[in-house]
Structure formats: structure tokens, C-alpha cells
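Have a look at target02.cif below; it lists mmCIF, C-alpha atoms.
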```cif
data_model
#
loop_
_atom_site.label_atom_id
_atom_site.label_comp_id
_atom_site.auth_asym_id
_atom_site.auth_seq_id
_atom_site.Cartn_x
_atom_site.Cartn_y
_atom_site.Cartn_z
CA ASN A 23 26.31 -36.49 25.04
CA ALA A 24 23.82 -37.33 22.32
CA GLY A 25 24.80 -36.62 18.75
CA VAL A 26 22.53 -35.25 16.05
CA MET A 27 19.22 -37.10 16.33
CA GLN A 28 17.05 -37.65 13.31
CA ASN A 29 13.67 -39.29 13.24
CA PRO A 30 12.15 -41.27 11.90
CA ARG A 31 14.92 -43.46 10.55
CA HIS A 32 12.64 -44.78 7.84
CA LEU A 33 9.52 -43.13 6.45
CA VAL A 34 7.15 -44.49 3.82
CA ARG A 35 4.67 -42.18 2.17
CA ARG A 36 2.23 -42.58 -0.68
CA ARG A 37 2.41 -40.17 -3.57
CA GLY A 38 0.65 -36.95 -2.69
CA GLN A 39 1.10 -37.26 1.06
CA GLU A 40 3.23 -35.02 3.24
CA ALA A 41 6.55 -36.04 4.78
CA ARG A 42 7.92 -34.44 7.94
CA LEU A 43 11.51 -35.13 8.88
CA ARG A 44 12.84 -34.05 12.25
CA CYS A 45 16.34 -33.16 13.35
CA SER A 46 17.50 -32.38 16.88
CA PRO A 47 20.98 -30.85 16.78
CA MET A 48 23.71 -31.64 19.23
CA LYS A 49 23.44 -29.84 22.55
CA GLY A 50 24.82 -26.34 22.21
CA HIS A 51 24.57 -26.33 18.40
CA SER A 52 22.40 -23.61 16.92
CA HIS A 53 23.24 -24.14 13.24
CA VAL A 54 21.49 -26.86 11.25
CA TYR A 55 22.04 -28.06 7.69
CA TRP A 56 19.94 -30.42 5.60
CA TYR A 57 21.37 -32.59 2.84
CA ARG A 58 19.77 -35.05 0.44
CA GLN A 59 21.37 -38.21 -0.89
CA LEU A 60 19.76 -39.71 -3.96
CA PRO A 61 20.53 -43.36 -4.69
CA GLU A 62 24.10 -43.93 -5.89
CA GLU A 63 25.04 -40.28 -5.33
CA GLY A 64 26.84 -38.12 -2.79
CA LEU A 65 25.08 -35.73 -0.47
CA LYS A 66 23.70 -32.51 -1.92
CA PHE A 67 23.17 -29.39 0.18
CA MET A 68 19.60 -28.23 0.63
CA VAL A 69 19.30 -25.60 3.34
CA TYR A 70 21.12 -23.96 6.25
CA LEU A 71 19.21 -22.64 9.24
CA GLN A 72 19.90 -20.93 12.50
CA LYS A 73 17.32 -20.65 15.23
CA GLU A 74 14.21 -19.11 13.67
CA ASN A 75 16.08 -18.05 10.53
CA ILE A 76 16.76 -19.54 7.12
CA ILE A 77 20.28 -18.47 6.19
CA ASP A 78 20.78 -20.23 2.87
CA GLU A 79 18.15 -22.21 0.97
CA SER A 80 19.94 -22.25 -2.36
CA GLY A 81 19.75 -26.03 -2.58
CA MET A 82 16.05 -26.37 -1.84
CA PRO A 83 13.66 -27.25 -4.65
CA LYS A 84 11.47 -24.25 -5.36
CA GLU A 85 8.20 -26.02 -4.70
CA ARG A 86 6.83 -28.44 -2.10
CA PHE A 87 9.91 -28.28 0.16
CA SER A 88 10.22 -26.12 3.26
CA ALA A 89 12.35 -26.08 6.37
CA GLU A 90 12.15 -24.47 9.76
CA PHE A 91 14.17 -24.36 12.95
CA PRO A 92 11.97 -22.89 15.67
CA LYS A 93 13.16 -21.33 18.88
CA GLU A 94 12.08 -24.44 20.73
CA GLY A 95 12.15 -27.95 19.35
CA PRO A 96 13.77 -29.71 16.45
CA SER A 97 14.36 -28.54 12.93
CA ILE A 98 11.72 -29.80 10.51
CA LEU A 99 12.12 -30.53 6.82
CA ARG A 100 8.69 -30.71 5.24
CA ILE A 101 7.90 -32.15 1.84
CA GLN A 102 4.38 -31.63 0.58
CA GLN A 103 2.67 -33.79 -2.03
CA VAL A 104 5.56 -36.20 -2.26
CA VAL A 105 6.49 -37.79 -5.58
CA ARG A 106 8.57 -40.89 -6.32
CA GLY A 107 11.60 -38.71 -7.11
CA ASP A 108 11.64 -37.50 -3.50
CA SER A 109 12.72 -40.99 -2.39
CA ALA A 110 16.14 -40.45 -0.87
CA ALA A 111 18.10 -40.34 2.34
CA TYR A 112 17.86 -36.98 4.08
CA PHE A 113 20.69 -36.05 6.41
CA CYS A 114 20.87 -33.32 8.99
CA ALA A 115 24.09 -31.86 10.35
CA SER A 116 24.70 -29.35 13.11
CA SER A 117 27.48 -27.07 14.29
CA PRO A 118 28.01 -24.69 17.19
CA MET A 119 28.99 -21.79 14.96
CA ALA A 120 28.59 -20.64 11.38
CA GLN A 121 31.92 -21.83 10.02
CA PRO A 122 33.39 -24.36 12.38
CA ILE A 123 36.89 -25.47 11.79
CA GLY A 124 36.75 -29.18 11.11
CA GLY A 125 33.19 -29.46 9.96
CA TYR A 126 29.82 -30.61 11.15
CA THR A 127 28.33 -33.61 12.88
CA PHE A 128 25.86 -35.57 10.79
CA GLY A 129 22.86 -37.49 12.01
CA SER A 130 22.08 -41.02 10.85
CA GLY A 131 19.62 -39.85 8.26
CA THR A 132 15.97 -40.45 7.41
CA ARG A 133 15.28 -42.76 4.50
CA LEU A 134 12.16 -41.62 2.71
CA THR A 135 10.44 -44.03 0.37
CA VAL A 136 7.55 -42.81 -1.75
CA VAL A 137 5.28 -45.56 -3.01
CA ALA B 17 32.73 -28.05 -13.15
CA GLN B 18 32.50 -30.61 -10.40
CA LYS B 19 33.80 -29.37 -7.08
CA ILE B 20 34.78 -32.86 -5.92
CA THR B 21 35.69 -35.75 -8.19
CA GLN B 22 36.08 -39.34 -7.08
CA THR B 23 37.01 -41.45 -10.08
CA GLN B 24 36.92 -44.89 -8.46
CA PRO B 25 33.35 -46.19 -8.17
CA GLY B 26 34.58 -49.40 -6.55
CA MET B 27 37.78 -50.67 -5.00
CA PHE B 28 38.89 -53.99 -3.58
CA VAL B 29 41.69 -54.52 -1.08
CA GLN B 30 43.06 -57.54 0.69
CA GLU B 31 42.69 -57.54 4.45
CA LYS B 32 45.75 -56.04 6.20
CA GLU B 33 46.89 -54.26 3.03
CA ALA B 34 46.85 -50.50 2.50
CA VAL B 35 44.51 -48.81 0.03
CA THR B 36 44.34 -45.33 -1.47
CA LEU B 37 41.05 -43.71 -2.40
CA ASP B 38 41.40 -40.85 -4.85
CA CYS B 39 39.85 -37.41 -4.59
CA THR B 40 40.46 -34.26 -6.59
CA TYR B 41 38.83 -30.93 -5.97
CA ASP B 42 38.22 -27.63 -7.68
CA THR B 43 38.03 -24.28 -5.93
CA SER B 44 39.24 -20.72 -6.32
CA ASP B 45 38.82 -19.99 -2.61
CA PRO B 46 42.28 -19.94 -0.98
CA SER B 47 40.77 -21.11 2.31
CA TYR B 48 39.02 -24.43 2.33
CA GLY B 49 38.72 -27.66 4.23
CA LEU B 50 38.76 -31.19 2.91
CA PHE B 51 36.98 -34.06 4.61
CA TRP B 52 36.50 -37.77 4.28
CA TYR B 53 33.38 -39.54 5.49
CA LYS B 54 32.61 -43.24 5.73
CA GLN B 55 29.12 -44.53 5.08
CA PRO B 56 28.64 -48.18 6.08
CA SER B 57 25.68 -50.20 4.86
CA SER B 58 23.69 -49.00 7.86
CA GLY B 59 23.72 -45.57 6.24
CA GLU B 60 25.10 -43.12 8.78
CA MET B 61 27.82 -40.66 7.82
CA ILE B 62 30.93 -41.09 9.94
CA PHE B 63 33.58 -38.36 9.94
CA LEU B 64 37.08 -39.76 9.39
CA ILE B 65 39.61 -37.02 8.78
CA TYR B 66 40.01 -33.32 8.01
CA GLN B 67 42.67 -31.29 6.20
CA GLY B 68 42.77 -27.50 6.11
CA SER B 69 44.13 -25.77 3.04
CA TYR B 70 46.82 -24.02 5.07
CA ASP B 71 47.88 -27.07 7.03
CA GLN B 72 51.53 -27.79 6.36
CA GLN B 73 51.42 -31.44 7.27
CA ASN B 74 49.20 -34.21 6.03
CA ALA B 75 46.43 -35.10 8.45
CA THR B 76 46.48 -38.46 10.18
CA GLU B 77 43.91 -40.17 12.37
CA GLY B 78 44.85 -43.65 13.45
CA ARG B 79 44.87 -45.86 10.35
CA TYR B 80 43.64 -43.01 8.18
CA SER B 81 45.89 -40.47 6.55
CA LEU B 82 45.18 -37.81 3.97
CA ASN B 83 47.70 -37.39 1.16
CA PHE B 84 47.24 -33.67 0.49
CA GLN B 85 48.87 -32.39 -2.71
CA LYS B 86 47.75 -28.78 -2.95
CA ALA B 87 49.30 -27.95 -6.32
CA ARG B 88 47.57 -30.96 -7.88
CA LYS B 89 44.36 -30.28 -5.94
CA SER B 90 44.19 -33.79 -4.68
CA ALA B 91 43.29 -35.13 -1.25
CA ASN B 92 43.58 -38.88 -1.35
CA LEU B 93 42.60 -41.02 1.63
CA VAL B 94 45.02 -43.75 2.64
CA ILE B 95 43.75 -46.55 4.84
CA SER B 96 46.52 -48.69 6.27
CA ALA B 97 46.15 -52.28 7.50
CA SER B 98 42.65 -52.69 6.08
CA GLN B 99 40.07 -54.48 8.19
CA LEU B 100 36.85 -56.20 7.17
CA GLY B 101 34.94 -53.45 8.96
CA ASP B 102 36.40 -50.90 6.56
CA SER B 103 34.08 -52.16 3.81
CA ALA B 104 31.82 -49.17 3.13
CA MET B 105 31.22 -46.19 0.86
CA TYR B 106 33.75 -43.40 1.27
CA PHE B 107 32.95 -39.81 0.40
CA CYS B 108 35.35 -36.94 -0.09
CA ALA B 109 33.95 -33.49 0.68
CA MET B 110 35.05 -29.87 0.64
CA ARG B 111 33.90 -26.73 2.35
CA GLU B 112 35.01 -23.32 1.10
CA VAL B 113 35.60 -21.00 4.04
CA ASN B 114 34.53 -17.82 2.27
CA THR B 115 31.26 -19.34 1.05
CA GLY B 116 31.08 -21.82 3.88
CA ASN B 117 27.43 -22.72 4.14
CA GLN B 118 27.66 -26.09 2.52
CA PHE B 119 29.75 -29.14 1.89
CA TYR B 120 30.35 -30.35 -1.65
CA PHE B 121 30.47 -34.13 -1.83
CA GLY B 122 31.90 -36.48 -4.40
CA THR B 123 29.96 -39.46 -5.70
CA GLY B 124 31.81 -41.84 -3.45
CA THR B 125 33.98 -44.94 -3.68
CA SER B 126 32.71 -48.32 -2.58
CA LEU B 127 35.49 -50.18 -0.77
CA THR B 128 35.35 -53.92 -0.24
CA VAL B 129 37.90 -55.57 2.01
CA ILE B 130 38.57 -59.19 1.04
CA PRO B 131 39.52 -61.66 3.79
#
```
Encoded form using C-alpha cells:
Amino acid sequence: NAGVMQNPRHLVRRRGQEARLRCSPMKGHSHVYWYRQLPEEGLKFMVYLQKENIIDESGMPKERFSAEFPKEGPSILRIQQVVRGDSAAYFCASSPMAQPIGGYTFGSGTRLTVV
Amino acid sequence: AQKITQTQPGMFVQEKEAVTLDCTYDTSDPSYGLFWYKQPSSGEMIFLIYQGSYDQQNATEGRYSLNFQKARKSANLVISASQLGDSAMYFCAMREVNTGNQFYFGTGTSLTVIP
């Protein structure tokens, strides 16, 4: 009964490159959430997706960031033309329904370092 | 206004003693959930305990209990019989049921258990 799987665990990119972060939700979960944790801070909401739909992207930066959750395969958070300020831990969470009582299950995160 | 406030950046506790980590919250939604997560140095987010706004009794999970004072809008985490493995960052979080797409996290408290 695998939990939320995120890969890679660590990702190093040079400024200007693209970063692709993957998240496979728990089996049976069709709702995915992405959060970002900047150094010394708590997690900040970025985007909420259901299969093939973006439900809420109010926390996503307006440029360079995009997310998808295709019918088949993992959810992808894509950051184009990365800058040093994108260095952070990116967490994915999943749930079986839109508003689960008790909360979500988080993955172990992807630590992005931009050099 | 901050949705979640954790005023203790760092705390120390002697092994086997109890410790209370403070959390206050701000919401106008009558239905909400409060959560505590543990983040060890390895970085993953581990769910500890949940309290619903309509729950009459304080939540308990093993050595963890949540001191829920609704009128004061506080949801303090109590860890009894501290162990060395409890050393970690602890985050308080809230989800508002009626706008339930995201968690709001505090900035965390770093707990160090002293042998």
C-alpha cells in the first residue's frame, strides 16, 4: 500500500533550465495538491488538481509554473527557466475526495536546488 | 492576518518530560479542521493528529494530544514522555471546510529533546 510517491527526491538545475517534479498519488486518490516550502518557512499552497482538471491554482506564480494531472500517469509540476528563488522543497499531497475529513497524505517532497 | 501562528521558533525539552507546542488560528468559517505535522531532518511531512471544529473532546493519538480551546482559537500540541526521536520541526495547519482546497501552515516550531 504505497503512499504518495514523489520523484526525484533531490533535483539540481542551473538557472534557466526546466524542472519537472512528479507525484504519484496514493492508489484510489484522484485529488492532488502541490505545496512549496521555502527555507525556514511552513508549506504554502500552490495548486489543486483532479484528473485532467485544475481546480484551484490560486497559489501558483503567474509565470513559469504549470501543473497537470493527466488521465494516466503522475501529476507533474513544471517550472520553466528556473531562478535561484525557486530553490525550495516541493510537496505533493493526495486525497480520495475533495474535502476529506482528517486531511491529506503528503509525499516526502522534492528538494529543488537552483545553482 | 495570519491564518496560523506559531510563536515558538525553538523549544527544548528534557527526555521523558512533557512539552506543549503553541498554535493559534484565525478563521471565520465555523467548520474547520486543525492538524499537526512532524517534519524530521529527513524532510518528510508526517501527520500526527487532527481536531475537527465540532469535536467535543480533545483529540489524542498515543503520546500526542491536542489541547483545543475554541473560544481562544488555540490548538496546542502536547507531547508526553518526550523521546529523542521527537526532535524535529512541528507544523500546525488548518483547513477551512467551506473553502477547503488548501491547508494553511504555520512557520513551525523546532523541538529538541535533550537526553
Would you translate the PyMOL selection byres ((chain A) within 7 of (chain B)) into the concrete set of residues it matches in this file, as a PyMOL selection string? chain A and resi 63-67+70+121+124+128-131
Find the distance between CA of Asn74 (chain B) and CA of Ser90 (chain B) and write it in Å to one decimal.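 Spanning CA of Asn74 (chain B) to CA of Ser90 (chain B) is a straight-line distance of 11.8 Å.
Taking CA of Gln85 (chain B) as the reference point, CA of Asp42 (chain B) is found at 12.7 Å.
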Pick out the closest residue to Glu77 (chain B) from this set: B:Leu64, B:Gln22, B:Ser96, B:Ala104. Count all atoms listed in the file. B:Leu64
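When the PyMOL selection byres ((chain A and resi 116) around 9) is evaluated against the file, it yields Val26, Ser46, Pro47, Met48, His51, Ser52, His53, Val54, Tyr55, Trp56, Cys114, Ala115, Ser117, Pro118, Met119, Tyr126, Thr127, Phe128 and Gly129 of chain A.
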Selection to disk with C-alpha atoms, as a PDB file, in the frame of the given file:
```pdb
ATOM      1  CA  VAL A  26      22.530 -35.250  16.050  1.00  0.00           C
ATOM      2  CA  SER A  46      17.500 -32.380  16.880  1.00  0.00           C
ATOM      3  CA  PRO A  47      20.980 -30.850  16.780  1.00  0.00           C
ATOM      4  CA  MET A  48      23.710 -31.640  19.230  1.00  0.00           C
ATOM      5  CA  HIS A  51      24.570 -26.330  18.400  1.00  0.00           C
ATOM      6  CA  SER A  52      22.400 -23.610  16.920  1.00  0.00           C
ATOM      7  CA  HIS A  53      23.240 -24.140  13.240  1.00  0.00           C
ATOM      8  CA  VAL A  54      21.490 -26.860  11.250  1.00  0.00           C
ATOM      9  CA  TYR A  55      22.040 -28.060   7.690  1.00  0.00           C
ATOM     10  CA  TRP A  56      19.940 -30.420   5.600  1.00  0.00           C
ATOM     11  CA  CYS A 114      20.870 -33.320   8.990  1.00  0.00           C
ATOM     12  CA  ALA A 115      24.090 -31.860  10.350  1.00  0.00           C
ATOM     13  CA  SER A 117      27.480 -27.070  14.290  1.00  0.00           C
ATOM     14  CA  PRO A 118      28.010 -24.690  17.190  1.00  0.00           C
ATOM     15  CA  MET A 119      28.990 -21.790  14.960  1.00  0.00           C
ATOM     16  CA  TYR A 126      29.820 -30.610  11.150  1.00  0.00           C
ATOM     17  CA  THR A 127      28.330 -33.610  12.880  1.00  0.00           C
ATOM     18  CA  PHE A 128      25.860 -35.570  10.790  1.00  0.00           C
ATOM     19  CA  GLY A 129      22.860 -37.490  12.010  1.00  0.00           C
TER      20      GLY A 129
END
```
Work out how far CA of Thr76 (chain B) is from CA of Tyr112 (chain A), in Å to one decimal. 29.3 Å
On this file, the PyMOL selection byres ((chain B and resi 89) around 9) gives some set of residues; write that set as a ChimeraX atom specification. /B:39-43,84-88,90-91
How about saving the chosen residues, C-alpha atoms kept, as a short mmCIF file (atom, residue, chain, number, x, y, z; two decimals), in the coordinates of the input?
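Writing the result to out-v1.cif gives the following:
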```cif
data_model
loop_
_atom_site.label_atom_id
_atom_site.label_comp_id
_atom_site.auth_asym_id
_atom_site.auth_seq_id
_atom_site.Cartn_x
_atom_site.Cartn_y
_atom_site.Cartn_z
CA CYS B 39 39.85 -37.41 -4.59
CA THR B 40 40.46 -34.26 -6.59
CA TYR B 41 38.83 -30.93 -5.97
CA ASP B 42 38.22 -27.63 -7.68
CA THR B 43 38.03 -24.28 -5.93
CA PHE B 84 47.24 -33.67 0.49
CA GLN B 85 48.87 -32.39 -2.71
CA LYS B 86 47.75 -28.78 -2.95
CA ALA B 87 49.30 -27.95 -6.32
CA ARG B 88 47.57 -30.96 -7.88
CA SER B 90 44.19 -33.79 -4.68
CA ALA B 91 43.29 -35.13 -1.25
#
```
Tell me which protein, DNA and RNA residues are within 8 Å of Asn29 (chain A), counting only C-alpha atoms, leaving out same-chain ones fewer than 6 positions away, and put them as JSON, numbers by chain. {"A": [43, 44, 45, 131, 132]}
Could you please give me, as a VMD selection string, the residues of protein, DNA or RNA lying at most 12 Å from (40.4, -60.1, 9.4) in the coordinate frame of the file, considering only C-alpha atoms? chain B and resid 29 to 33 97 to 103 129 to 131
Residues near Pro83 (chain A), cut-off 10 Å, all atoms listed in the file, skip fewer than 5 positions along chain, as a PyMOL selection string: chain A and resi 68-69+88+101
Padding of 4 Å on every side, edges along x, y and z, all listed atoms of region 38-55 of chain B included: what centre and edge lengths in Å, to one decimal, does that box have, as JSON?
```
{"center_x": 35.7, "center_y": -32.2, "center_z": -1.0, "size_x": 21.2, "size_y": 32.6, "size_z": 21.4}
```
In terms of the shortest atom-to-atom distance over all atoms listed in the file, which of B:Ser126, B:Trp52, B:Arg79, B:Val35 is closest to Ile20 (chain B)? B:Trp52
Restricting the calculation to all atoms listed in the file, which member of B:Ser69, B:Ser44, B:Thr128, B:Thr36 is positioned closest to Ala17 (chain B)?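 The closest residue to Ala17 (chain B) is B:Ser44.
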